[in-house]
Structure formats: C-alpha cells, structure tokens
Amino acid sequence: MIEFKNVTKSYEKNKSDALKNVSLFIDKGEFVFLVGRSGAGKSTFIKLLLREIEPTQGSIFINNYNIANLSKREIPFLRRKMGVVFQDFRLLENKSVFENVAYAMEIIGKSEKQIRKRVPLALDMVGLSHRINHYPHELSGGEQQRVVIARAIINNPTILICDEPTGNLDPETSYEIISILEEINRRGTTIVVVTHDREIVDVMKKRVLTLEDGALTVDDAIGRYGYEV
C-alpha cells in the first residue's frame, strides 16, 4: 500500500535532511500513528505522500507504483485516492455543511444525483446529519472536524491522512474523532494519523512510527508512544 525505500529529503535552505534514509511499509487497511517532536520530519512525510515534494534520494510507492514517476498531469489522480484531514479545518465559511462536503465531489465532476445520494451518507457516518444545513460558524470545533472528515472520505479514498486531527479539541471530543477514524478504518481505509497526543496513542494500541531528527527510530506494533517529552 505505502512503501518508503531509503527515502531522504534534503532542503537546500537549511542544508539539513528533513528525512534520513527512511524505509517502512504500511499495509492495506492498517491504522498507523506517526509521532515525533516538532521538526522531526512529520510534515515532510505528508508532503512526500501527497507528491507536493519529491525525495532527494530513495523511492516512494503507493499501491506498488513509484509516485516519483508521475507527471504533473497525473498527480491530481493520485491525490483523489487520498483523503486529508487538517488540524485547522479549512472549511468554506460561506458554504453549509452539505455544500462543504459536496464541494469535494463537485471539483472532480460528480453528478448532482451522486452528490445528493452520498453526502447525507457521509454525514450520517460522522454523526452530523442533524447539522446538514448549518454553517461552519454555527458548529463546535468537534463538529467542524467531523465535517472535514466527511469531506475527506466522500470520494472513497483508499488512504486517509490525518494531520493533528485532535490538536484543537478537548479530550472527550478527541476520543470521539478517533473513534470515527477507527470506524472508517474498519471499513477498509488505510489511515495514517500524525499526532502529539500521547494519551490517545497509548490507549488505541495501534502501530506507532516515531521520527527523530528525520530518522525512523521506532516502529512499534503494539502502540507505545515512541519518544519522551
């Protein structure tokens, strides 16, 4: 599903390696946490997966295809296979909950009939059917994150990348969000969650990948937080 082979990413500006010879394999249907201090290389990892940047050395495979070989025209099709959940929501304030989720279908040319059918199903899955006509400013932080998740899964991605999905939420709401992600994972979607939330990582007992100064230092199958604060 996702494979990094001896991946190094160097940035000329600071003359350092954001990732250093990273090799890993994430199988189809896995739920993986990626942890590490600020500057450890987590953001670079995500950008490489999305082909926003390319590795300086090494190869990255998604579904056995080397994404470095993609042309600029092919990159959007790669990203359609992925959903992304951001910490800062990035919702369109002038659009309703329904319209925010529908927008992800509209930009890839789905029909109105498909949109009317699938958006309510996605909102039901995240427990937000009752807010379908509300606007972002009328929602709590947890509800806004649920909209973001619905938007991320509306096109049935094979991979869901979550960048600090609970970073702005209280503990109770954080567990609700992680529970939703776990249900999505049970339905077959591969999930990678970047987080600093030690408590959630420890409780979930999922696989944990730890980056330190760009190197993969821990790959723990039983879900222990991989570094000390």
# chains A, B, ... in the order shown; residues from 1 in each chain; ligands from 1
$ residues_around --residues "segment 36-48 of chain A" --least-positions-apart "3" --cutoff "7 Å" --atoms "only C-alpha atoms" --output "ChimeraX atom specification"
/A:18-19,51-55,210-214
$ write_last_selection --atoms "all heavy atoms" --output "short mmCIF file (atom, residue, chain, number, x, y, z; two decimals), in the first residue's frame"
data_model
loop_
_atom_site.label_atom_id
_atom_site.label_comp_id
_atom_site.auth_asym_id
_atom_site.auth_seq_id
_atom_site.Cartn_x
_atom_site.Cartn_y
_atom_site.Cartn_z
N ALA A 18 15.55 16.61 6.15
CA ALA A 18 14.28 16.54 6.87
C ALA A 18 13.90 15.08 7.13
O ALA A 18 13.31 14.76 8.16
CB ALA A 18 13.18 17.24 6.09
N LEU A 19 14.23 14.20 6.19
CA LEU A 19 14.11 12.76 6.39
C LEU A 19 15.44 12.12 6.01
O LEU A 19 16.09 12.53 5.04
CB LEU A 19 12.99 12.17 5.54
CG LEU A 19 11.54 12.45 5.95
CD1 LEU A 19 10.58 11.69 5.04
CD2 LEU A 19 11.28 12.10 7.40
N ARG A 51 2.84 13.99 -2.90
CA ARG A 51 3.65 14.41 -4.04
C ARG A 51 3.68 15.93 -4.18
O ARG A 51 3.75 16.48 -5.29
CB ARG A 51 3.17 13.77 -5.33
CG ARG A 51 4.12 12.75 -5.96
CD ARG A 51 5.53 13.24 -6.20
NE ARG A 51 5.66 14.27 -7.20
CZ ARG A 51 5.82 14.06 -8.51
NH1 ARG A 51 5.88 12.81 -8.97
NH2 ARG A 51 5.95 15.05 -9.35
N GLU A 52 3.60 16.62 -3.03
CA GLU A 52 3.83 18.06 -3.05
C GLU A 52 5.32 18.34 -3.23
O GLU A 52 5.70 19.39 -3.76
CB GLU A 52 3.33 18.70 -1.76
CG GLU A 52 1.82 18.65 -1.60
CD GLU A 52 1.35 19.29 -0.30
OE1 GLU A 52 2.18 19.90 0.40
OE2 GLU A 52 0.15 19.18 0.00
N ILE A 53 6.15 17.42 -2.75
CA ILE A 53 7.59 17.47 -2.93
C ILE A 53 8.08 16.08 -3.33
O ILE A 53 7.34 15.11 -3.21
CB ILE A 53 8.33 17.94 -1.64
CG1 ILE A 53 7.97 17.01 -0.47
CG2 ILE A 53 7.98 19.39 -1.32
CD1 ILE A 53 8.71 17.34 0.81
N GLU A 54 9.30 16.00 -3.81
CA GLU A 54 9.88 14.72 -4.21
C GLU A 54 11.08 14.40 -3.32
O GLU A 54 11.76 15.31 -2.83
CB GLU A 54 10.32 14.77 -5.66
CG GLU A 54 9.17 14.95 -6.64
CD GLU A 54 9.65 14.92 -8.08
OE1 GLU A 54 10.40 13.99 -8.44
OE2 GLU A 54 9.29 15.84 -8.83
N PRO A 55 11.37 13.12 -3.10
CA PRO A 55 12.53 12.76 -2.29
C PRO A 55 13.83 13.13 -2.99
O PRO A 55 13.91 13.10 -4.23
CB PRO A 55 12.40 11.25 -2.13
CG PRO A 55 11.57 10.81 -3.29
CD PRO A 55 10.64 11.94 -3.59
N THR A 210 7.87 6.36 14.87
CA THR A 210 8.46 7.53 15.53
C THR A 210 9.61 8.09 14.69
O THR A 210 10.54 7.36 14.33
CB THR A 210 9.00 7.16 16.92
OG1 THR A 210 7.94 6.62 17.70
CG2 THR A 210 9.55 8.40 17.62
N LEU A 211 9.51 9.39 14.40
CA LEU A 211 10.59 10.09 13.71
C LEU A 211 11.34 10.95 14.72
O LEU A 211 10.73 11.65 15.54
CB LEU A 211 10.03 10.99 12.60
CG LEU A 211 9.42 10.30 11.38
CD1 LEU A 211 8.77 11.33 10.46
CD2 LEU A 211 10.48 9.51 10.62
N GLU A 212 12.67 10.91 14.66
CA GLU A 212 13.52 11.78 15.46
C GLU A 212 14.61 12.33 14.57
O GLU A 212 15.39 11.58 13.98
CB GLU A 212 14.14 11.01 16.64
CG GLU A 212 13.10 10.57 17.68
CD GLU A 212 13.75 10.08 18.96
OE1 GLU A 212 14.42 10.89 19.63
OE2 GLU A 212 13.59 8.89 19.27
N ASP A 213 14.62 13.67 14.45
CA ASP A 213 15.61 14.34 13.60
C ASP A 213 15.66 13.73 12.20
O ASP A 213 16.72 13.55 11.60
CB ASP A 213 17.00 14.28 14.24
CG ASP A 213 17.05 15.04 15.56
OD1 ASP A 213 16.40 16.09 15.65
OD2 ASP A 213 17.72 14.56 16.49
N GLY A 214 14.48 13.39 11.67
CA GLY A 214 14.40 12.90 10.31
C GLY A 214 14.57 11.41 10.14
O GLY A 214 14.35 10.88 9.04
#
$ residues_around --residues "Gly167 of chain A" --least-positions-apart "5" --cutoff "9 Å" --atoms "only C-alpha atoms" --output "MDAnalysis selection string"
chainID A and resid 87:88 174 195:197
$ residues_around --residues "Asn185 of chain A" --least-positions-apart "4" --cutoff "12 Å" --atoms "only C-alpha atoms" --output "ChimeraX atom specification"
/A:28-32,153,156-161,178-181,189-193,206
$ residues_around --residues "Val119 of chain A" --least-positions-apart "4" --cutoff "7 Å" --atoms "only C-alpha atoms" --output "list of chain:residue names"
A:Phe98, A:Val101, A:Ala102, A:Ile115, A:Leu123, A:Ile154
$ write_last_selection --atoms "N, CA, C and O atoms" --output "compact mmCIF listing (two decimals), in the first residue's frame"
# COMPACT_ATOMS: atom_id res chain seq x y z
N PHE A 98 -23.53 20.66 4.18
CA PHE A 98 -23.78 19.88 2.96
C PHE A 98 -22.90 20.37 1.82
O PHE A 98 -22.25 19.58 1.12
N VAL A 101 -19.08 19.50 2.07
CA VAL A 101 -18.78 18.12 1.73
C VAL A 101 -19.00 17.88 0.24
O VAL A 101 -18.18 17.22 -0.44
N ALA A 102 -20.07 18.44 -0.30
CA ALA A 102 -20.38 18.27 -1.72
C ALA A 102 -19.29 18.85 -2.61
O ALA A 102 -19.04 18.33 -3.71
N ILE A 115 -24.09 13.35 -5.75
CA ILE A 115 -23.85 14.21 -4.59
C ILE A 115 -24.99 14.12 -3.60
O ILE A 115 -24.78 13.96 -2.40
N LEU A 123 -22.25 12.22 6.06
CA LEU A 123 -22.55 13.00 7.28
C LEU A 123 -23.17 12.11 8.35
O LEU A 123 -22.93 12.31 9.54
N ILE A 154 -15.55 11.43 1.29
CA ILE A 154 -16.71 11.42 0.40
C ILE A 154 -16.41 10.75 -0.95
O ILE A 154 -17.30 10.17 -1.57
$ atom_distance --atom1 "atom CA of Ile177 of chain A" --atom2 "atom CA of Glu199 of chain A"
13.9 Å
$ residues_around --residues "Gly141 of chain A" --least-positions-apart "4" --cutoff "9 Å" --atoms "only C-alpha atoms" --output "ChimeraX atom specification"
/A:89,145-146,168-169,173
$ write_last_selection --atoms "N, CA and C atoms" --output "PDB file, in the first residue's frame"
ATOM      1  N   PHE A  89      -9.035  22.705  10.014  1.00  0.00           N
ATOM      2  CA  PHE A  89     -10.350  22.517   9.391  1.00  0.00           C
ATOM      3  C   PHE A  89     -10.406  22.930   7.912  1.00  0.00           C
ATOM      4  N   GLN A 145     -14.614  19.449  12.763  1.00  0.00           N
ATOM      5  CA  GLN A 145     -13.690  18.380  12.381  1.00  0.00           C
ATOM      6  C   GLN A 145     -14.442  17.198  11.776  1.00  0.00           C
ATOM      7  N   ARG A 146     -15.640  16.941  12.234  1.00  0.00           N
ATOM      8  CA  ARG A 146     -16.453  15.875  11.645  1.00  0.00           C
ATOM      9  C   ARG A 146     -16.799  16.202  10.185  1.00  0.00           C
ATOM     10  N   ASN A 168      -6.787  20.726  18.210  1.00  0.00           N
ATOM     11  CA  ASN A 168      -7.507  21.881  18.763  1.00  0.00           C
ATOM     12  C   ASN A 168      -8.729  21.482  19.579  1.00  0.00           C
ATOM     13  N   LEU A 169      -8.803  20.212  19.974  1.00  0.00           N
ATOM     14  CA  LEU A 169     -10.023  19.710  20.606  1.00  0.00           C
ATOM     15  C   LEU A 169      -9.777  19.267  22.039  1.00  0.00           C
ATOM     16  N   THR A 173     -13.834  15.177  23.078  1.00  0.00           N
ATOM     17  CA  THR A 173     -14.090  15.314  21.651  1.00  0.00           C
ATOM     18  C   THR A 173     -13.013  14.614  20.834  1.00  0.00           C
TER      19      THR A 173
END
$ residues_around --residues "Ser23 of chain A" --least-positions-apart "4" --cutoff "7 Å" --atoms "only C-alpha atoms" --output "list in words"
Phe4, Lys5, Asn6 and Val7 of chain A
$ select_by_dssp --residues "segment 10-69 of chain A" --states "strand (DSSP E or B)" --output "count of residues only"
26
$ closest_residue --among "A:Glu176, A:Asp219, A:Glu112, A:Glu93" --to "His137 of chain A" --atoms "only C-alpha atoms"
A:Glu93
